[in-house]
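J.: Below you'll find input_32.pdb; it's PDB, C-alpha atoms.
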ATOM      1  CA  MET N   1      45.049 -46.798  35.829
ATOM      2  CA  THR N   2      41.522 -46.597  34.413
ATOM      3  CA  THR N   3      39.693 -49.820  33.536
ATOM      4  CA  ARG N   4      37.473 -48.129  30.958
ATOM      5  CA  VAL N   5      36.939 -50.336  27.894
ATOM      6  CA  VAL N   6      35.599 -48.625  24.784
ATOM      7  CA  THR N   7      34.477 -49.883  21.367
ATOM      8  CA  ALA N   8      34.270 -47.470  18.439
ATOM      9  CA  PHE N   9      32.780 -47.922  14.979
ATOM     10  CA  ALA N  10      34.044 -46.271  11.774
ATOM     11  CA  PRO N  11      31.924 -46.472   8.607
ATOM     12  CA  ALA N  12      32.984 -47.397   5.106
ATOM     13  CA  SER N  13      33.454 -44.550   2.662
ATOM     14  CA  VAL N  14      33.724 -43.531  -0.974
ATOM     15  CA  GLY N  15      37.149 -42.074  -1.644
ATOM     16  CA  ASN N  16      37.961 -39.501  -4.345
ATOM     17  CA  VAL N  17      34.263 -39.015  -5.302
ATOM     18  CA  ALA N  18      35.311 -39.079  -8.972
ATOM     19  CA  VAL N  19      36.968 -35.657  -9.127
ATOM     20  CA  GLY N  20      38.719 -35.178  -5.781
ATOM     21  CA  PHE N  21      41.647 -37.590  -5.964
ATOM     22  CA  ASP N  22      43.157 -38.026  -2.467
ATOM     23  CA  LEU N  23      41.153 -34.985  -1.286
ATOM     24  CA  LEU N  24      37.422 -35.678  -1.279
ATOM     25  CA  GLY N  25      35.319 -38.456   0.193
ATOM     26  CA  HIS N  26      32.002 -39.254   1.810
ATOM     27  CA  SER N  27      30.949 -41.820   4.369
ATOM     28  CA  ILE N  28      28.252 -44.406   3.758
ATOM     29  CA  ASP N  29      25.656 -45.925   6.039
ATOM     30  CA  GLY N  30      26.595 -49.579   5.757
ATOM     31  CA  PRO N  31      29.573 -51.747   6.701
ATOM     32  CA  GLY N  32      32.354 -50.565   8.951
ATOM     33  CA  ASP N  33      35.176 -51.562  11.283
ATOM     34  CA  ARG N  34      35.085 -51.731  15.074
ATOM     35  CA  VAL N  35      37.980 -51.405  17.464
ATOM     36  CA  THR N  36      37.863 -52.138  21.188
ATOM     37  CA  ALA N  37      40.494 -50.355  23.314
ATOM     38  CA  ARG N  38      41.414 -51.566  26.797
ATOM     39  CA  PRO N  39      43.899 -49.475  28.811
ATOM     40  CA  THR N  40      46.859 -51.400  30.222
ATOM     41  CA  SER N  41      49.801 -50.685  32.503
ATOM     42  CA  GLU N  42      52.263 -51.500  29.709
ATOM     43  CA  ALA N  43      53.119 -48.488  27.548
ATOM     44  CA  GLY N  44      52.207 -48.437  23.880
ATOM     45  CA  ALA N  45      49.516 -49.768  21.556
ATOM     46  CA  ARG N  46      49.326 -53.515  21.029
ATOM     47  CA  LEU N  47      47.073 -55.720  18.910
ATOM     48  CA  ALA N  48      45.262 -58.220  21.094
ATOM     49  CA  GLY N  49      43.183 -59.787  18.340
ATOM     50  CA  ILE N  50      41.667 -59.533  14.858
ATOM     51  CA  GLU N  51      38.141 -60.740  14.105
ATOM     52  CA  GLY N  52      35.580 -60.424  11.344
ATOM     53  CA  CYS N  53      35.661 -60.737   7.562
ATOM     54  CA  VAL N  54      39.455 -60.234   7.357
ATOM     55  CA  THR N  55      41.911 -61.710   9.837
ATOM     56  CA  GLU N  56      45.127 -62.046   7.825
ATOM     57  CA  LEU N  57      46.537 -58.611   8.656
ATOM     58  CA  PRO N  58      49.915 -57.510  10.039
ATOM     59  CA  ARG N  59      50.275 -58.170  13.768
ATOM     60  CA  ASP N  60      53.355 -55.982  14.127
ATOM     61  CA  PRO N  61      52.131 -52.777  15.863
ATOM     62  CA  GLY N  62      54.212 -50.650  13.518
ATOM     63  CA  ARG N  63      52.659 -52.212  10.403
ATOM     64  CA  ASN N  64      49.014 -52.500  11.447
ATOM     65  CA  THR N  65      46.872 -49.456  10.674
ATOM     66  CA  ALA N  66      44.935 -49.583  13.946
ATOM     67  CA  THR N  67      47.913 -49.883  16.285
ATOM     68  CA  ARG N  68      50.005 -47.403  14.300
ATOM     69  CA  ALA N  69      47.227 -44.814  14.552
ATOM     70  CA  ALA N  70      46.702 -45.446  18.256
ATOM     71  CA  GLN N  71      50.446 -45.223  18.919
ATOM     72  CA  SER N  72      50.638 -41.875  17.123
ATOM     73  CA  LEU N  73      47.813 -40.607  19.328
ATOM     74  CA  ILE N  74      49.459 -41.876  22.511
ATOM     75  CA  ASP N  75      52.826 -40.371  21.606
ATOM     76  CA  ALA N  76      51.246 -36.959  21.071
ATOM     77  CA  HIS N  77      48.663 -36.801  23.862
ATOM     78  CA  ALA N  78      49.329 -39.496  26.473
ATOM     79  CA  PRO N  79      53.031 -40.462  26.602
ATOM     80  CA  GLY N  80      53.547 -43.622  28.598
ATOM     81  CA  ALA N  81      49.945 -44.774  28.320
ATOM     82  CA  GLY N  82      49.104 -48.186  26.913
ATOM     83  CA  VAL N  83      46.151 -49.894  25.220
ATOM     84  CA  ASP N  84      45.334 -53.348  23.951
ATOM     85  CA  LEU N  85      43.245 -53.235  20.780
ATOM     86  CA  VAL N  86      40.894 -55.812  19.315
ATOM     87  CA  LEU N  87      40.070 -55.101  15.680
ATOM     88  CA  HIS N  88      36.811 -56.398  14.191
ATOM     89  CA  LYS N  89      36.884 -56.024  10.414
ATOM     90  CA  GLY N  90      33.564 -55.388   8.740
ATOM     91  CA  ILE N  91      35.013 -53.967   5.515
ATOM     92  CA  PRO N  92      36.582 -56.412   3.039
ATOM     93  CA  LEU N  93      40.264 -56.055   2.196
ATOM     94  CA  SER N  94      41.185 -53.944  -0.862
ATOM     95  CA  SER N  95      37.527 -53.237  -1.593
ATOM     96  CA  GLY N  96      37.632 -49.523  -2.391
ATOM     97  CA  LEU N  97      35.495 -48.837   0.694
ATOM     98  CA  GLY N  98      38.174 -47.303   2.915
ATOM     99  CA  GLY N  99      38.893 -50.391   5.001
ATOM    100  CA  SER N 100      42.401 -49.473   6.119
ATOM    101  CA  ALA N 101      41.259 -45.960   7.007
ATOM    102  CA  ALA N 102      38.288 -47.284   8.986
ATOM    103  CA  SER N 103      40.567 -49.429  11.149
ATOM    104  CA  ALA N 104      42.740 -46.402  11.894
ATOM    105  CA  VAL N 105      39.771 -44.131  12.570
ATOM    106  CA  ALA N 106      38.016 -46.596  14.871
ATOM    107  CA  ALA N 107      41.304 -47.121  16.713
ATOM    108  CA  VAL N 108      41.907 -43.440  17.464
ATOM    109  CA  VAL N 109      38.286 -42.827  18.471
ATOM    110  CA  ALA N 110      38.307 -45.829  20.819
ATOM    111  CA  THR N 111      41.755 -45.067  22.236
ATOM    112  CA  ALA N 112      40.969 -41.398  22.858
ATOM    113  CA  ALA N 113      37.772 -42.322  24.683
ATOM    114  CA  ALA N 114      39.398 -45.144  26.675
ATOM    115  CA  LEU N 115      42.139 -42.764  27.857
ATOM    116  CA  ASP N 116      39.644 -39.919  28.420
ATOM    117  CA  LEU N 117      41.606 -37.543  26.176
ATOM    118  CA  GLN N 118      38.645 -35.277  25.242
ATOM    119  CA  LEU N 119      39.780 -34.756  21.636
ATOM    120  CA  ASP N 120      37.508 -33.884  18.716
ATOM    121  CA  ALA N 121      37.651 -35.382  15.218
ATOM    122  CA  HIS N 122      39.922 -32.637  13.911
ATOM    123  CA  ALA N 123      42.496 -33.377  16.630
ATOM    124  CA  LEU N 124      42.318 -37.111  15.869
ATOM    125  CA  TYR N 125      42.811 -36.584  12.132
ATOM    126  CA  PRO N 126      46.654 -36.557  11.907
ATOM    127  CA  HIS N 127      46.889 -39.730  13.977
ATOM    128  CA  ALA N 128      44.362 -41.621  11.863
ATOM    129  CA  LEU N 129      46.328 -40.442   8.821
ATOM    130  CA  ALA N 130      49.473 -41.978  10.304
ATOM    131  CA  GLY N 131      47.687 -45.323  10.440
ATOM    132  CA  GLU N 132      46.257 -45.037   6.928
ATOM    133  CA  ALA N 133      49.724 -44.326   5.523
ATOM    134  CA  VAL N 134      50.943 -47.733   6.713
ATOM    135  CA  ALA N 135      48.508 -49.531   4.406
ATOM    136  CA  SER N 136      48.336 -47.262   1.392
ATOM    137  CA  GLY N 137      51.873 -45.871   1.334
ATOM    138  CA  ALA N 138      50.608 -42.277   1.441
ATOM    139  CA  ALA N 139      48.977 -40.071   4.083
ATOM    140  CA  HIS N 140      45.860 -39.119   2.118
ATOM    141  CA  GLY N 141      42.668 -38.306   3.973
ATOM    142  CA  ASP N 142      39.884 -38.832   1.431
ATOM    143  CA  ASN N 143      38.597 -41.801   3.450
ATOM    144  CA  VAL N 144      39.846 -40.818   6.908
ATOM    145  CA  GLY N 145      38.182 -37.389   6.842
ATOM    146  CA  PRO N 146      34.599 -38.430   6.072
ATOM    147  CA  GLN N 147      34.848 -41.419   8.367
ATOM    148  CA  LEU N 148      35.792 -39.130  11.252
ATOM    149  CA  LEU N 149      33.298 -36.331  10.562
ATOM    150  CA  GLY N 150      30.592 -38.051   8.541
ATOM    151  CA  GLY N 151      29.167 -36.731   5.282
ATOM    152  CA  LEU N 152      31.147 -35.213   2.424
ATOM    153  CA  VAL N 153      34.546 -33.875   3.452
ATOM    154  CA  LEU N 154      37.428 -32.087   1.782
ATOM    155  CA  ALA N 155      40.453 -33.639   3.493
ATOM    156  CA  LEU N 156      43.555 -31.483   3.213
ATOM    157  CA  PRO N 157      46.927 -32.510   4.642
ATOM    158  CA  ASP N 158      46.467 -30.342   7.745
ATOM    159  CA  ARG N 159      42.699 -29.897   8.128
ATOM    160  CA  LEU N 160      39.226 -31.216   7.396
ATOM    161  CA  VAL N 161      36.606 -29.081   5.657
ATOM    162  CA  PRO N 162      33.011 -30.364   5.755
ATOM    163  CA  VAL N 163      31.112 -29.847   2.495
ATOM    164  CA  PRO N 164      27.324 -29.403   2.633
ATOM    165  CA  VAL N 165      25.265 -31.994   0.769
ATOM    166  CA  PRO N 166      21.883 -31.063  -0.758
ATOM    167  CA  ASP N 167      18.965 -32.836   0.888
ATOM    168  CA  GLY N 168      17.901 -36.094  -0.689
ATOM    169  CA  LEU N 169      21.118 -37.110  -2.446
ATOM    170  CA  TYR N 170      21.801 -40.837  -2.206
ATOM    171  CA  ALA N 171      24.721 -43.012  -3.233
ATOM    172  CA  ALA N 172      24.613 -46.523  -4.636
ATOM    173  CA  VAL N 173      27.874 -48.333  -3.909
ATOM    174  CA  VAL N 174      28.430 -51.791  -5.367
ATOM    175  CA  HIS N 175      31.356 -53.944  -4.256
ATOM    176  CA  PRO N 176      32.330 -56.866  -6.507
ATOM    177  CA  HIS N 177      33.926 -59.850  -4.786
ATOM    178  CA  MET N 178      37.485 -59.197  -5.866
ATOM    179  CA  GLN N 179      40.419 -57.116  -4.652
ATOM    180  CA  VAL N 180      42.334 -54.186  -6.080
ATOM    181  CA  ALA N 181      45.297 -53.247  -3.896
ATOM    182  CA  THR N 182      45.660 -49.503  -3.325
ATOM    183  CA  ARG N 183      49.385 -49.611  -4.061
ATOM    184  CA  GLU N 184      48.752 -51.419  -7.376
ATOM    185  CA  SER N 185      46.022 -48.977  -8.312
ATOM    186  CA  ARG N 186      48.301 -46.019  -7.640
ATOM    187  CA  GLN N 187      50.916 -47.482  -9.984
ATOM    188  CA  ALA N 188      48.514 -46.886 -12.860
ATOM    189  CA  LEU N 189      48.872 -43.147 -12.254
ATOM    190  CA  ARG N 190      52.657 -42.867 -12.400
ATOM    191  CA  SER N 191      52.915 -41.396 -15.903
ATOM    192  CA  PRO N 192      52.430 -37.611 -16.179
ATOM    193  CA  PHE N 193      49.029 -36.237 -17.168
ATOM    194  CA  PRO N 194      48.550 -33.643 -19.924
ATOM    195  CA  ILE N 195      47.954 -30.209 -18.434
ATOM    196  CA  GLU N 196      44.654 -29.827 -20.319
ATOM    197  CA  THR N 197      43.351 -32.996 -18.636
ATOM    198  CA  VAL N 198      44.370 -31.683 -15.224
ATOM    199  CA  VAL N 199      42.560 -28.406 -15.923
ATOM    200  CA  ALA N 200      39.446 -30.280 -17.071
ATOM    201  CA  GLN N 201      39.438 -32.323 -13.860
ATOM    202  CA  THR N 202      39.997 -29.237 -11.713
ATOM    203  CA  SER N 203      37.059 -27.482 -13.340
ATOM    204  CA  ARG N 204      34.825 -30.445 -12.537
ATOM    205  CA  LEU N 205      35.944 -30.449  -8.905
ATOM    206  CA  ALA N 206      35.118 -26.737  -8.696
ATOM    207  CA  LEU N 207      31.675 -27.372 -10.189
ATOM    208  CA  LEU N 208      30.966 -30.188  -7.742
ATOM    209  CA  LEU N 209      32.045 -28.254  -4.650
ATOM    210  CA  SER N 210      30.263 -25.060  -5.629
ATOM    211  CA  GLY N 211      27.147 -27.043  -6.566
ATOM    212  CA  CYS N 212      27.123 -28.695  -3.148
ATOM    213  CA  HIS N 213      27.521 -25.357  -1.365
ATOM    214  CA  ASP N 214      24.751 -23.735  -3.416
ATOM    215  CA  GLY N 215      22.439 -26.751  -3.537
ATOM    216  CA  ASP N 216      22.627 -26.756  -7.342
ATOM    217  CA  ILE N 217      22.024 -30.342  -8.492
ATOM    218  CA  ASP N 218      22.593 -29.501 -12.165
ATOM    219  CA  ARG N 219      26.025 -28.101 -11.360
ATOM    220  CA  ILE N 220      26.864 -31.197  -9.309
ATOM    221  CA  GLU N 221      25.916 -33.356 -12.288
ATOM    222  CA  LEU N 222      28.232 -31.346 -14.547
ATOM    223  CA  GLY N 223      31.088 -31.843 -12.108
ATOM    224  CA  LEU N 224      30.698 -35.514 -11.211
ATOM    225  CA  GLU N 225      32.826 -36.955 -14.027
ATOM    226  CA  ASP N 226      36.388 -38.261 -13.638
ATOM    227  CA  VAL N 227      38.453 -37.542 -16.749
ATOM    228  CA  LEU N 228      41.803 -37.951 -14.976
ATOM    229  CA  VAL N 229      42.067 -41.109 -12.864
ATOM    230  CA  GLU N 230      39.211 -43.349 -14.012
ATOM    231  CA  PRO N 231      40.517 -43.848 -17.579
ATOM    232  CA  ARG N 232      43.781 -45.249 -16.201
ATOM    233  CA  ARG N 233      42.250 -47.449 -13.504
ATOM    234  CA  LYS N 234      39.077 -48.872 -14.998
ATOM    235  CA  HIS N 235      40.893 -51.762 -16.688
ATOM    236  CA  LEU N 236      41.542 -53.160 -13.202
ATOM    237  CA  ILE N 237      37.786 -53.718 -12.718
ATOM    238  CA  PRO N 238      36.110 -56.329 -14.967
ATOM    239  CA  GLY N 239      32.887 -54.968 -16.427
ATOM    240  CA  PHE N 240      33.454 -51.426 -15.201
ATOM    241  CA  ASP N 241      32.019 -49.735 -18.293
ATOM    242  CA  ALA N 242      28.840 -51.812 -18.102
ATOM    243  CA  VAL N 243      28.455 -51.121 -14.377
ATOM    244  CA  LYS N 244      28.907 -47.391 -14.870
ATOM    245  CA  ALA N 245      26.444 -47.425 -17.769
ATOM    246  CA  ALA N 246      23.890 -49.183 -15.547
ATOM    247  CA  ALA N 247      24.181 -46.374 -12.996
ATOM    248  CA  LEU N 248      23.833 -43.646 -15.614
ATOM    249  CA  ASP N 249      20.887 -45.415 -17.267
ATOM    250  CA  HIS N 250      19.062 -45.203 -13.929
ATOM    251  CA  GLY N 251      19.555 -41.470 -13.605
ATOM    252  CA  ALA N 252      22.881 -41.175 -11.816
ATOM    253  CA  LEU N 253      24.271 -37.658 -11.620
ATOM    254  CA  GLY N 254      27.605 -39.366 -12.183
ATOM    255  CA  ALA N 255      29.324 -42.662 -11.451
ATOM    256  CA  SER N 256      32.925 -43.739 -11.041
ATOM    257  CA  ILE N 257      35.396 -45.853  -9.078
ATOM    258  CA  SER N 258      35.181 -45.712  -5.293
ATOM    259  CA  GLY N 259      38.662 -45.072  -3.964
ATOM    260  CA  ALA N 260      41.190 -47.392  -5.567
ATOM    261  CA  GLY N 261      38.410 -49.803  -6.590
ATOM    262  CA  PRO N 262      36.990 -52.262  -7.328
ATOM    263  CA  SER N 263      33.792 -50.806  -5.817
ATOM    264  CA  VAL N 264      31.800 -48.508  -8.095
ATOM    265  CA  PHE N 265      29.501 -45.735  -6.886
ATOM    266  CA  GLY N 266      26.885 -43.401  -8.312
ATOM    267  CA  TRP N 267      25.050 -40.378  -6.907
ATOM    268  CA  PHE N 268      21.266 -40.126  -7.297
ATOM    269  CA  ARG N 269      18.522 -37.596  -6.650
ATOM    270  CA  ASP N 270      16.539 -39.990  -4.433
ATOM    271  CA  LYS N 271      16.774 -43.290  -2.578
ATOM    272  CA  ALA N 272      14.469 -45.241  -4.885
ATOM    273  CA  SER N 273      16.608 -44.458  -7.936
ATOM    274  CA  ALA N 274      19.752 -45.464  -6.054
ATOM    275  CA  GLU N 275      18.191 -48.772  -5.007
ATOM    276  CA  ARG N 276      17.107 -49.646  -8.538
ATOM    277  CA  ALA N 277      20.506 -48.701  -9.918
ATOM    278  CA  ALA N 278      22.363 -50.739  -7.298
ATOM    279  CA  MET N 279      20.549 -53.897  -8.384
ATOM    280  CA  THR N 280      21.301 -53.284 -12.048
ATOM    281  CA  MET N 281      24.927 -52.424 -11.310
ATOM    282  CA  ALA N 282      25.286 -55.707  -9.415
ATOM    283  CA  ASP N 283      23.704 -57.531 -12.357
ATOM    284  CA  ALA N 284      26.329 -55.976 -14.640
ATOM    285  CA  PHE N 285      29.088 -57.326 -12.422
ATOM    286  CA  ALA N 286      27.366 -60.744 -12.421
ATOM    287  CA  ALA N 287      27.450 -60.725 -16.221
ATOM    288  CA  HIS N 288      31.227 -60.516 -15.911
ATOM    289  CA  GLY N 289      31.430 -63.384 -13.433
ATOM    290  CA  LEU N 290      31.503 -61.379 -10.205
ATOM    291  CA  ASP N 291      29.091 -61.533  -7.274
ATOM    292  CA  ALA N 292      28.661 -58.132  -5.657
ATOM    293  CA  ASP N 293      27.364 -56.522  -2.476
ATOM    294  CA  ARG N 294      25.040 -53.506  -2.715
ATOM    295  CA  HIS N 295      24.952 -50.528  -0.375
ATOM    296  CA  VAL N 296      22.536 -47.620  -0.644
ATOM    297  CA  SER N 297      23.217 -44.669   1.634
ATOM    298  CA  PRO N 298      22.641 -40.950   1.962
ATOM    299  CA  VAL N 299      25.666 -39.120   0.594
ATOM    300  CA  ALA N 300      25.676 -37.387   3.975
ATOM    301  CA  GLY N 301      26.479 -40.639   5.750
ATOM    302  CA  PRO N 302      27.372 -41.136   9.440
ATOM    303  CA  GLY N 303      30.699 -40.506  11.124
ATOM    304  CA  ALA N 304      32.717 -42.599  13.559
ATOM    305  CA  ARG N 305      31.270 -43.021  17.019
ATOM    306  CA  VAL N 306      31.665 -44.844  20.305
ATOM    307  CA  VAL N 307      29.228 -47.761  20.361
ATOM    308  CA  GLU N 308      30.142 -49.373  23.685
ATOM    309  CA  ASP N 309      31.633 -47.785  26.791
ATOM    310  CA  ALA N 310      32.123 -49.860  29.923
ATOM    311  CA  GLY N 311      32.953 -46.753  31.934
ATOM    312  CA  PRO N 312      35.623 -46.373  34.622
TER     313      PRO N 312
END
For this file, write the structure as structure tokens.

T.:
Amino acid sequence: MTTRVVTAFAPASVGNVAVGFDLLGHSIDGPGDRVTARPTSEAGARLAGIEGCVTELPRDPGRNTATRAAQSLIDAHAPGAGVDLVLHKGIPLSSGLGGSAASAVAAVVATAAALDLQLDAHALYPHALAGEAVASGAAHGDNVGPQLLGGLVLALPDRLVPVPVPDGLYAAVVHPHMQVATRESRQALRSPFPIETVVAQTSRLALLLSGCHDGDIDRIELGLEDVLVEPRRKHLIPGFDAVKAAALDHGALGASISGAGPSVFGWFRDKASAERAAMTMADAFAAHGLDADRHVSPVAGPGARVVEDAGP
């Protein structure tokens, strides 16, 4: 049995990106989760510890996103193998920054490396999805995909499609100190949508994707507006309209809810504009009684990676 001990990092992410509900996301250069995997002689994935900003998480291997993802990977590629995992949470719970996905992604990257499985991000994708589904109740990859690959990613049920990002685009992502549970946020979407609203949203997604592929910033700006999900979810976030207005007033191409919320993001033509907007967006949350963390990142953010490897 190998004694290789590996720690992997998975970044936070912006899910949905306004118009790509459950399909589109991008990573951010900022907080993230780490998972350390230590091979053991006992079969299966077990949780040896939880550290960091969140520690009150399920310890049952079948209900924890990290161990569920690692177990899926082991079942498919290394039957009979075993790992002990230590999860270090750097992403707050129910923050809209892809925290449950990051735990799953870091777990599969660390486990694959610890067991020397030689698998790329695309091969790890279905197993990270299995972990994400435990927390959110659905196997959607809008956070998992960009965390695995980095950058902007179209995450389909069976594959990941990287989307090019024009040079210089930055995101401001502001996280108020409150929680919005993904399952609660999804309840707001249960009623049917009018077909004309669905078509309007689809047209915006097409504009955004084609604008990214062609490097057309004006087309991206036309597309970066959520007319489908945001109107039903924004009431869950105190001060949302003021925060969004602050982003737009500072030149955002568009701004909306990150994932299930409560974080709010905007895309900008340059870093300086994103930094100024992030401060004003945080001030808008403060006016509604909420402290907030600010993150400014290239839209083409980093992907998951091994950060420590003790070797065999």

J.: Report as CSV: every residue of range 25-139 of chain N with an atom at most 9 Å from range 181-199 of chain N, its closest pair of atoms, and their distance in Å to one decimal, counting only C-alpha atoms, with rows sorted by chain and ascending residue number.

T.:
residue,atom,partner,partner_atom,distance
N:Leu93,CA,N:Ala181,CA,8.4
N:Ser94,CA,N:Ala181,CA,5.2
N:Ser95,CA,N:Ala181,CA,8.1
N:Gly96,CA,N:Thr182,CA,8.1
N:Ala135,CA,N:Thr182,CA,8.2
N:Ser136,CA,N:Thr182,CA,5.9
N:Gly137,CA,N:Arg183,CA,7.0

J.: I'd like to see the residues matched by the PyMOL selection byres ((chain N and resi 214-226) around 9) on this file, and ideally I'd get them as a ChimeraX atom specification.

T.: /N:17-20,164-167,201,203-213,227-231,252-257,267,269

J.: Can you tell me, as an MDAnalysis selection string, which residues sit within 8 Å of (29.2, -57.9, -11.3) in the file's frame, using all atoms listed in the file?

T.: chainID N and resid 176 238:239 243 281:292

J.: Give me, please, the distance in Å between CA of His122 in chain N and CA of Ala171 in chain N, quoted to one decimal.

T.: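 Those two atoms sit 25.2 Å apart.
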
J.: Anything within 7 Å of (38.8, -54.9, 5.9): list those residues as a PyMOL selection string, counting all atoms listed in the file and sticking to the file's coordinates.

T.: chain N and resi 53-54+89-93+99-100

J.: Pick from N:Leu169, N:Ala107, N:Ala304, N:Phe240: nearest to Ala121 in chain N, with only C-alpha atoms counted?

T.: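 Once distances to Ala121 in chain N are computed over only C-alpha atoms, the minimum belongs to N:Ala304.
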
J.: Please report the interatomic distance between CA of Arg232 in chain N and CA of Pro157 in chain N in Å with one decimal.

T.: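 A separation of 24.6 Å between them.
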
J.: Hey, can I get the axis-aligned box for range 293-308 of chain N? All listed atoms, 3 Å padding on each side, centre and edge lengths in Å to one decimal, as lines of an AutoDock Vina configuration file.

T.:
center_x = 27.6
center_y = -47.0
center_z = 10.5
size_x = 16.2
size_y = 25.1
size_z = 32.4

J.: Name the residues that the PyMOL selection byres ((chain N and resi 50) around 6) pulls out of this structure, and write them as a list in words.

T.: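 Residues picked by the PyMOL selection byres ((chain N and resi 50) around 6): Gly49, Glu51, Thr55, Val86, Leu87 and His88 of chain N.
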
J.: Could you check which of N:Ala139, N:Leu117, N:Ala128, N:Leu97 is closest to Gln179 in chain N, using all atoms listed in the file?

T.: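 Looking only at the distances to Gln179 in chain N, the closest residue turns out to be N:Leu97.
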
J.: For a quick check of understanding, using all atoms listed in the file, which of N:Val83, N:Thr67, N:Pro11, N:Ala277 has the smallest distance to Ser41 in chain N?

T.: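 Nearest candidate to Ser41 in chain N out of N:Val83, N:Thr67, N:Pro11, N:Ala277: N:Val83.
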
J.: Counting all atoms listed in the file, what is within 8 Å of range 142-147 of chain N, bar same-chain residues fewer than 3 positions away, as a PDB file with C-alpha atoms, keeping the file's coordinate frame?

T.:
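Saved the output as result.pdb:
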ATOM      1  CA  ALA N  10      34.044 -46.271  11.774  1.00  0.00           C
ATOM      2  CA  PRO N  11      31.924 -46.472   8.607  1.00  0.00           C
ATOM      3  CA  ALA N  12      32.984 -47.397   5.106  1.00  0.00           C
ATOM      4  CA  SER N  13      33.454 -44.550   2.662  1.00  0.00           C
ATOM      5  CA  VAL N  14      33.724 -43.531  -0.974  1.00  0.00           C
ATOM      6  CA  GLY N  15      37.149 -42.074  -1.644  1.00  0.00           C
ATOM      7  CA  ASN N  16      37.961 -39.501  -4.345  1.00  0.00           C
ATOM      8  CA  PHE N  21      41.647 -37.590  -5.964  1.00  0.00           C
ATOM      9  CA  ASP N  22      43.157 -38.026  -2.467  1.00  0.00           C
ATOM     10  CA  LEU N  23      41.153 -34.985  -1.286  1.00  0.00           C
ATOM     11  CA  LEU N  24      37.422 -35.678  -1.279  1.00  0.00           C
ATOM     12  CA  GLY N  25      35.319 -38.456   0.193  1.00  0.00           C
ATOM     13  CA  HIS N  26      32.002 -39.254   1.810  1.00  0.00           C
ATOM     14  CA  SER N  27      30.949 -41.820   4.369  1.00  0.00           C
ATOM     15  CA  GLY N  98      38.174 -47.303   2.915  1.00  0.00           C
ATOM     16  CA  ALA N 101      41.259 -45.960   7.007  1.00  0.00           C
ATOM     17  CA  ALA N 102      38.288 -47.284   8.986  1.00  0.00           C
ATOM     18  CA  VAL N 105      39.771 -44.131  12.570  1.00  0.00           C
ATOM     19  CA  TYR N 125      42.811 -36.584  12.132  1.00  0.00           C
ATOM     20  CA  ALA N 128      44.362 -41.621  11.863  1.00  0.00           C
ATOM     21  CA  LEU N 129      46.328 -40.442   8.821  1.00  0.00           C
ATOM     22  CA  GLU N 132      46.257 -45.037   6.928  1.00  0.00           C
ATOM     23  CA  GLY N 150      30.592 -38.051   8.541  1.00  0.00           C
ATOM     24  CA  GLY N 151      29.167 -36.731   5.282  1.00  0.00           C
ATOM     25  CA  LEU N 152      31.147 -35.213   2.424  1.00  0.00           C
ATOM     26  CA  VAL N 153      34.546 -33.875   3.452  1.00  0.00           C
ATOM     27  CA  LEU N 154      37.428 -32.087   1.782  1.00  0.00           C
ATOM     28  CA  ALA N 155      40.453 -33.639   3.493  1.00  0.00           C
ATOM     29  CA  LEU N 160      39.226 -31.216   7.396  1.00  0.00           C
ATOM     30  CA  PRO N 302      27.372 -41.136   9.440  1.00  0.00           C
ATOM     31  CA  GLY N 303      30.699 -40.506  11.124  1.00  0.00           C
ATOM     32  CA  ALA N 304      32.717 -42.599  13.559  1.00  0.00           C
TER      33      ALA N 304
END

J.: For the atom pair CA of Ser297 in chain N and CA of Ala66 in chain N, what is the interatomic distance in Å to one decimal place?

T.: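 According to the coordinates, CA of Ser297 in chain N and CA of Ala66 in chain N are separated by 25.4 Å.
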
J.: Quick one: which range 71-183 of chain N residues come within 10 Å of range 293-296 of chain N, and what is the nearest atom pair for each with the distance in Å to one decimal, counting all atoms listed in the file, rows ordered by chain and ascending number, as a tab-separated table?

T.:
residue	atom	partner	partner_atom	distance
N:Tyr170	CA	N:Val296	CA	7.0
N:Ala171	CA	N:Val296	CA	5.7
N:Ala172	CA	N:Val296	CA	4.6
N:Val173	CA	N:His295	CA	5.1
N:Val174	CA	N:Arg294	CA	4.6
N:His175	CA	N:Asp293	CA	5.1
N:Pro176	CA	N:Asp293	CA	6.4
N:His177	CA	N:Asp293	CA	7.7

J.: Out of N:Ile28, N:Ala70, N:Leu248, N:Val134, which residue has the shortest atom-to-atom distance to Val299 in chain N when counting all atoms listed in the file?

T.: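 Among the listed residues, N:Ile28 lies closest to Val299 in chain N.
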